[in-house]
Amino acid sequence: MTGGAGFIGSNLIKRLINNGEEVICLDNYFTGRKINISNFIDNQLFELIRHDVTDPIQIEVDRIWHLACPASPIHYQFNPIKTSKTSFLGTFNMLGLAKRVGAKFLMASTSEVYGDPEVHPQTESYKGSVNTFGIRSCYDEGKRIAETLCYDYQRIHNVEIRIARIFNTYGPNMLQDDGRVVSNFINQAFKNEPLTIYGEGTQTRSFCYVDDLVSGLIKLMEGDYKKPVNIGNPEEYRIIDLAEIIKAKINKNLSFVNKPLPKDDPLQRRPNIDLAKKELNWYPLVDLNTGLDKTIKYFKRFYE
Ligand code: NAD
Ligand code: UDP
């Protein structure tokens, strides 16, 4: 698994190891942390290698879970050229490995391939509305070329490809300073700081709890479906409403502060998950209320 020390990767490793699978984790620790995987260090099923996926690697594996890539806008915009390089070269190198050893390959793609979508909710057949030269392009276009590479390796080299188009996911093991909205609001609330609403907060997102996402990724890897699949929770919220929910849960006296809306920030986002239901028999089980309680419990330990 590439990016295994990150938020989603570490949750996925936990599930795979609990299922008795052997996992080799590759990570360069850009946004991943050793603490996320420290519980597995003494486990015979687990192996850790510091590795940057922009360099090739030779290793024997039968499955590749390719997650390496910063996911939060502040992190992928920190060094956008490196983000594009990670998406293109990293995916290219890992596909080369998949071809050499005959491994099945799952890529963590994203709802960002739909850009600022004119079609709502987003279905897999929607081709997207992506700015090629904006501040989100390194990530959005990086994931689009990564999908392209995957299917060319499938067509030309018969690599078995699985593509998960992941929508906003939250839960334990996100970084406190991750910059994404759920972790920002929860940590601001614990610090008694105003919740930062970008723009008017009327833009929407749909939030999937990480345990549900992990189940979806495993079903996709295990199944036979070969085209891209949306994995996300279709419950859609305005950002201002998410702020109200978190305020009510942590501290009713909190205030909000409006900050400028980042450039190219999508106005709306919600997955159509009919395909995941039909092809994978997958749908989310954890609602926002329950998922937020678990996430708040995770972050609370840093303030006790
Ligand atoms: P994350 O930032 O917590 O994890 C990414 C991991 O990749 C980190 O451990 C980081 O150190 C590692 N990494 C980054 N560049 C690397 C490189 N060049 N070589 C080796 N390792 C590298 O992010 P996450 O939320 O866990 O996301 C995991 C994957 O899922 C990413 O590919 C992301 O694009 C995708 N995704 C996530 C979401 C979400 O809401 N969390 C949504 C859509 C897609
Ligand atoms: N957002 C916000 N306050 C924050 C962080 C994010 O209002 O402190 C908004 C952001 O502008 C976006 C939404 O919340 O509209 C989701 O942002 P995030 O960075 O979590 O994910 P993405 O934009 O990649 O979906």
# chains A, B, ... in the order shown; residues from 1 in each chain; ligands from 1
call {"tool": "closest_atom_pairs", "arguments": {"of": "chain A", "to": "ligand 1", "cutoff": "7 Å", "atoms": "only C-alpha atoms and all ligand atoms", "output": "CSV"}}
result
residue,atom,partner,partner_atom_place_in_ligand_line,distance
A:Thr2,CA,ligand 1,21 (N),5.9
A:Gly3,CA,ligand 1,7 (O),3.3
A:Gly4,CA,ligand 1,9 (O),5.6
A:Ala5,CA,ligand 1,9 (O),4.1
A:Gly6,CA,ligand 1,9 (O),3.2
A:Phe7,CA,ligand 1,26 (O),3.7
A:Ile8,CA,ligand 1,26 (O),3.7
A:Gly9,CA,ligand 1,26 (O),5.4
A:Leu26,CA,ligand 1,20 (C),6.2
A:Asp27,CA,ligand 1,21 (N),3.8
A:Asn28,CA,ligand 1,20 (C),4.2
A:Tyr29,CA,ligand 1,11 (O),3.6
A:Phe30,CA,ligand 1,11 (O),3.8
A:Thr31,CA,ligand 1,11 (O),3.9
A:Gly32,CA,ligand 1,9 (O),3.0
A:Arg33,CA,ligand 1,9 (O),6.4
A:His51,CA,ligand 1,20 (C),5.6
A:Asp52,CA,ligand 1,19 (N),3.4
A:Val53,CA,ligand 1,19 (N),4.0
A:Thr54,CA,ligand 1,18 (N),5.5
A:Leu67,CA,ligand 1,32 (O),4.0
A:Ala68,CA,ligand 1,7 (O),3.5
A:Cys69,CA,ligand 1,14 (C),3.9
A:Pro70,CA,ligand 1,2 (O),3.9
A:Ala71,CA,ligand 1,23 (O),4.4
A:Ser72,CA,ligand 1,2 (O),6.4
A:Thr86,CA,ligand 1,18 (N),4.7
A:Gly90,CA,ligand 1,18 (N),6.5
A:Ala108,CA,ligand 1,30 (O),4.8
A:Ser109,CA,ligand 1,44 (C),5.3
A:Thr110,CA,ligand 1,43 (C),4.0
A:Ser111,CA,ligand 1,43 (C),6.1
A:Arg165,CA,ligand 1,43 (C),6.6
A:Ile166,CA,ligand 1,43 (C),4.1
A:Phe167,CA,ligand 1,42 (C),4.8
A:Asn168,CA,ligand 1,40 (O),3.6
A:Thr169,CA,ligand 1,40 (O),3.7
A:Tyr170,CA,ligand 1,40 (O),6.3
A:Met174,CA,ligand 1,3 (O),6.1
call {"tool": "closest_atom_pairs", "arguments": {"of": "chain A", "to": "ligand 2", "cutoff": "9 Å", "atoms": "only C-alpha atoms and all ligand atoms", "output": "Markdown table"}}
result
| residue | atom | partner | partner_atom_place_in_ligand_line | distance |
| --- | --- | --- | --- | --- |
| A:Ala71 | CA | ligand 2 | 24 (O) | 7.4 |
| A:Ser72 | CA | ligand 2 | 19 (O) | 5.7 |
| A:Pro73 | CA | ligand 2 | 19 (O) | 5.6 |
| A:Ile74 | CA | ligand 2 | 19 (O) | 7.7 |
| A:Ser111 | CA | ligand 2 | 25 (O) | 8.4 |
| A:Glu112 | CA | ligand 2 | 24 (O) | 7.4 |
| A:Arg136 | CA | ligand 2 | 24 (O) | 8.8 |
| A:Phe167 | CA | ligand 2 | 25 (O) | 7.8 |
| A:Asn168 | CA | ligand 2 | 25 (O) | 5.9 |
| A:Thr169 | CA | ligand 2 | 20 (O) | 8.6 |
| A:Tyr170 | CA | ligand 2 | 20 (O) | 8.8 |
| A:Asp178 | CA | ligand 2 | 19 (O) | 8.7 |
| A:Gly179 | CA | ligand 2 | 5 (C) | 6.0 |
| A:Arg180 | CA | ligand 2 | 20 (O) | 3.4 |
| A:Val181 | CA | ligand 2 | 5 (C) | 3.7 |
| A:Val182 | CA | ligand 2 | 20 (O) | 6.3 |
| A:Ser183 | CA | ligand 2 | 20 (O) | 8.0 |
| A:Asn184 | CA | ligand 2 | 8 (O) | 5.1 |
| A:Phe185 | CA | ligand 2 | 8 (O) | 6.2 |
| A:Gln188 | CA | ligand 2 | 8 (O) | 8.7 |
| A:Leu195 | CA | ligand 2 | 8 (O) | 6.8 |
| A:Thr196 | CA | ligand 2 | 8 (O) | 4.6 |
| A:Ile197 | CA | ligand 2 | 7 (O) | 3.7 |
| A:Tyr198 | CA | ligand 2 | 7 (O) | 3.7 |
| A:Gly199 | CA | ligand 2 | 7 (O) | 6.8 |
| A:Glu200 | CA | ligand 2 | 7 (O) | 8.1 |
| A:Gly201 | CA | ligand 2 | 7 (O) | 5.8 |
| A:Thr202 | CA | ligand 2 | 15 (O) | 8.4 |
| A:Gln203 | CA | ligand 2 | 15 (O) | 5.6 |
| A:Thr204 | CA | ligand 2 | 15 (O) | 6.7 |
| A:Arg205 | CA | ligand 2 | 16 (C) | 6.4 |
| A:Ser206 | CA | ligand 2 | 25 (O) | 8.8 |
| A:Arg238 | CA | ligand 2 | 14 (O) | 8.7 |
| A:Ile239 | CA | ligand 2 | 14 (O) | 5.8 |
| A:Ile240 | CA | ligand 2 | 7 (O) | 7.5 |
| A:Ala243 | CA | ligand 2 | 7 (O) | 8.5 |
| A:Asn258 | CA | ligand 2 | 7 (O) | 8.1 |
| A:Lys259 | CA | ligand 2 | 7 (O) | 7.8 |
| A:Pro260 | CA | ligand 2 | 11 (O) | 8.5 |
| A:Leu261 | CA | ligand 2 | 11 (O) | 5.7 |
| A:Pro262 | CA | ligand 2 | 11 (O) | 6.0 |
| A:Lys263 | CA | ligand 2 | 11 (O) | 8.9 |
| A:Asp265 | CA | ligand 2 | 15 (O) | 5.6 |
| A:Pro266 | CA | ligand 2 | 15 (O) | 6.4 |
| A:Leu267 | CA | ligand 2 | 15 (O) | 7.0 |
| A:Gln268 | CA | ligand 2 | 15 (O) | 8.2 |
| A:Arg269 | CA | ligand 2 | 25 (O) | 7.8 |
call {"tool": "residues_around", "arguments": {"residues": "range 56-65 of chain A", "least_positions_apart": "6", "cutoff": "12 Å", "atoms": "only C-alpha atoms", "output": "MDAnalysis selection string"}}
result
chainID A and resid 1:4 8:10 12:13 16 21:26 49:50 86 89:109 159:164 214 217:218 220:222
call {"tool": "select_by_dssp", "arguments": {"residues": "range 62-220 of chain A", "states": "strand (DSSP E)", "output": "JSON, numbers by chain"}}
result
{"A": [63, 64, 65, 66, 104, 105, 106, 107, 108, 109, 110, 161, 162, 163, 164, 165, 166, 169, 170, 195, 196, 197, 198, 204, 205, 206, 208, 209]}
call {"tool": "write_last_selection", "arguments": {"atoms": "N, CA, C and O atoms", "output": "short mmCIF file (atom, residue, chain, number, x, y, z; two decimals), in the first residue's frame"}}
result
data_model
loop_
_atom_site.label_atom_id
_atom_site.label_comp_id
_atom_site.auth_asym_id
_atom_site.auth_seq_id
_atom_site.Cartn_x
_atom_site.Cartn_y
_atom_site.Cartn_z
N ARG A 63 -1.10 -7.50 -4.73
CA ARG A 63 -2.08 -6.42 -4.86
C ARG A 63 -1.40 -5.10 -4.55
O ARG A 63 -0.57 -5.04 -3.65
N ILE A 64 -1.80 -4.07 -5.26
CA ILE A 64 -1.28 -2.74 -4.96
C ILE A 64 -2.46 -1.82 -4.67
O ILE A 64 -3.36 -1.67 -5.49
N TRP A 65 -2.43 -1.25 -3.47
CA TRP A 65 -3.41 -0.23 -3.08
C TRP A 65 -2.65 1.08 -3.22
O TRP A 65 -1.79 1.38 -2.39
N HIS A 66 -2.97 1.86 -4.25
CA HIS A 66 -2.16 3.05 -4.53
C HIS A 66 -2.87 4.31 -4.01
O HIS A 66 -3.75 4.86 -4.68
N LYS A 104 -2.85 -7.01 -8.96
CA LYS A 104 -4.08 -6.24 -9.14
C LYS A 104 -3.84 -4.83 -8.59
O LYS A 104 -3.16 -4.69 -7.56
N PHE A 105 -4.39 -3.81 -9.23
CA PHE A 105 -4.03 -2.42 -8.90
C PHE A 105 -5.26 -1.59 -8.61
O PHE A 105 -6.11 -1.39 -9.48
N LEU A 106 -5.38 -1.09 -7.37
CA LEU A 106 -6.48 -0.18 -7.04
C LEU A 106 -5.92 1.22 -6.83
O LEU A 106 -4.99 1.42 -6.06
N MET A 107 -6.49 2.18 -7.53
CA MET A 107 -6.05 3.57 -7.39
C MET A 107 -7.09 4.40 -6.65
O MET A 107 -8.28 4.32 -6.96
N ALA A 108 -6.61 5.17 -5.67
CA ALA A 108 -7.49 6.10 -4.95
C ALA A 108 -7.64 7.35 -5.80
O ALA A 108 -6.81 8.26 -5.74
N SER A 109 -8.68 7.37 -6.63
CA SER A 109 -8.97 8.58 -7.39
C SER A 109 -9.91 9.44 -6.55
O SER A 109 -10.05 9.23 -5.33
N THR A 110 -10.54 10.40 -7.15
CA THR A 110 -11.25 11.40 -6.35
C THR A 110 -12.45 11.99 -7.09
O THR A 110 -12.48 12.03 -8.32
N ILE A 161 -7.22 -3.40 -13.21
CA ILE A 161 -7.37 -2.06 -12.62
C ILE A 161 -8.67 -1.92 -11.84
O ILE A 161 -9.72 -2.40 -12.28
N ARG A 162 -8.59 -1.25 -10.70
CA ARG A 162 -9.78 -0.83 -9.95
C ARG A 162 -9.61 0.65 -9.64
O ARG A 162 -8.56 1.05 -9.14
N ILE A 163 -10.65 1.45 -9.93
CA ILE A 163 -10.57 2.89 -9.65
C ILE A 163 -11.70 3.30 -8.71
O ILE A 163 -12.88 3.20 -9.06
N ALA A 164 -11.31 3.79 -7.53
CA ALA A 164 -12.30 4.33 -6.59
C ALA A 164 -12.28 5.84 -6.69
O ALA A 164 -11.24 6.47 -6.45
N ARG A 165 -13.41 6.43 -7.06
CA ARG A 165 -13.52 7.90 -7.03
C ARG A 165 -14.07 8.27 -5.66
O ARG A 165 -15.28 8.21 -5.42
N ILE A 166 -13.14 8.61 -4.78
CA ILE A 166 -13.48 8.84 -3.37
C ILE A 166 -14.02 10.26 -3.18
O ILE A 166 -13.42 11.22 -3.68
N THR A 169 -14.02 12.31 2.75
CA THR A 169 -14.02 11.29 3.79
C THR A 169 -13.43 11.89 5.07
O THR A 169 -12.54 12.74 4.99
N TYR A 170 -13.91 11.44 6.21
CA TYR A 170 -13.42 11.99 7.49
C TYR A 170 -13.38 10.86 8.51
O TYR A 170 -13.99 9.79 8.31
N LEU A 195 -15.07 29.10 14.20
CA LEU A 195 -14.99 28.16 13.07
C LEU A 195 -14.85 28.98 11.78
O LEU A 195 -15.61 29.93 11.56
N THR A 196 -13.89 28.60 10.96
CA THR A 196 -13.59 29.38 9.75
C THR A 196 -14.48 28.92 8.59
O THR A 196 -14.29 27.83 8.06
N ILE A 197 -15.44 29.76 8.23
CA ILE A 197 -16.33 29.45 7.11
C ILE A 197 -15.78 30.14 5.87
O ILE A 197 -15.68 31.38 5.85
N TYR A 198 -15.42 29.36 4.87
CA TYR A 198 -14.90 29.97 3.65
C TYR A 198 -16.09 30.39 2.77
O TYR A 198 -16.98 29.57 2.52
N THR A 204 -21.72 23.01 -0.90
CA THR A 204 -22.09 21.74 -0.26
C THR A 204 -21.00 20.68 -0.46
O THR A 204 -20.25 20.71 -1.43
N ARG A 205 -20.98 19.75 0.49
CA ARG A 205 -20.15 18.55 0.39
C ARG A 205 -20.94 17.40 1.01
O ARG A 205 -21.86 17.61 1.80
N SER A 206 -20.52 16.17 0.71
CA SER A 206 -21.17 14.96 1.23
C SER A 206 -20.08 14.17 1.93
O SER A 206 -19.07 13.85 1.30
N CYS A 208 -18.30 11.10 4.03
CA CYS A 208 -18.34 9.64 4.23
C CYS A 208 -17.42 9.28 5.40
O CYS A 208 -16.26 9.73 5.44
N TYR A 209 -17.92 8.48 6.33
CA TYR A 209 -17.08 8.05 7.45
C TYR A 209 -16.08 7.01 6.94
O TYR A 209 -16.41 6.14 6.12
#
call {"tool": "atom_distance", "arguments": {"atom1": "CA of Asp211 in chain A", "atom2": "CA of Tyr139 in chain A"}}
result
24.0 Å
call {"tool": "closest_residue", "arguments": {"among": "A:Leu280, A:Val113, A:Glu244, A:Tyr151", "to": "Lys127 in chain A", "atoms": "only C-alpha atoms"}}
result
A:Val113
call {"tool": "closest_residue", "arguments": {"among": "A:Asn36, A:Ser215, A:Ser125, A:Gln176", "to": "Phe190 in chain A", "atoms": "only C-alpha atoms"}}
result
A:Gln176
call {"tool": "closest_residue", "arguments": {"among": "A:Phe46, A:Phe256, A:Tyr303, A:Tyr114", "to": "Val130 in chain A", "atoms": "only C-alpha atoms"}}
result
A:Tyr114
call {"tool": "residues_around", "arguments": {"residues": "Asn253 in chain A", "least_positions_apart": "5", "cutoff": "10 Å", "atoms": "only C-alpha atoms", "output": "PyMOL selection string"}}
result
chain A and resi 189+192+194+247-248
call {"tool": "write_last_selection", "arguments": {"atoms": "C-alpha atoms", "output": "PDB file, in the first residue's frame"}}
result
ATOM      1  CA  ALA A 189     -13.980  24.039  18.480  1.00  0.00           C
ATOM      2  CA  ASN A 192     -12.328  27.683  21.517  1.00  0.00           C
ATOM      3  CA  PRO A 194     -14.151  30.693  15.779  1.00  0.00           C
ATOM      4  CA  LYS A 247     -20.817  23.721  17.293  1.00  0.00           C
ATOM      5  CA  ALA A 248     -23.859  22.035  18.865  1.00  0.00           C
TER       6      ALA A 248
END
call {"tool": "closest_residue", "arguments": {"among": "A:Ile81, A:Lys252, A:Phe88, A:Lys297", "to": "Leu149 in chain A", "atoms": "only C-alpha atoms"}}
result
A:Phe88
call {"tool": "closest_residue", "arguments": {"among": "A:Phe133, A:His75, A:Tyr153, A:Gln44", "to": "Asp264 in chain A", "atoms": "only C-alpha atoms"}}
result
A:Phe133
call {"tool": "residues_around", "arguments": {"residues": "Leu292 in chain A", "least_positions_apart": "3", "cutoff": "8 Å", "atoms": "only C-alpha atoms", "output": "list in words"}}
result
Gly171, Ile246, Leu288, Asn289, Thr295 and Ile296 of chain A
call {"tool": "closest_residue", "arguments": {"among": "A:Ile186, A:Asp55, A:Ile145, A:His157", "to": "Leu242 in chain A", "atoms": "only C-alpha atoms"}}
result
A:Ile186
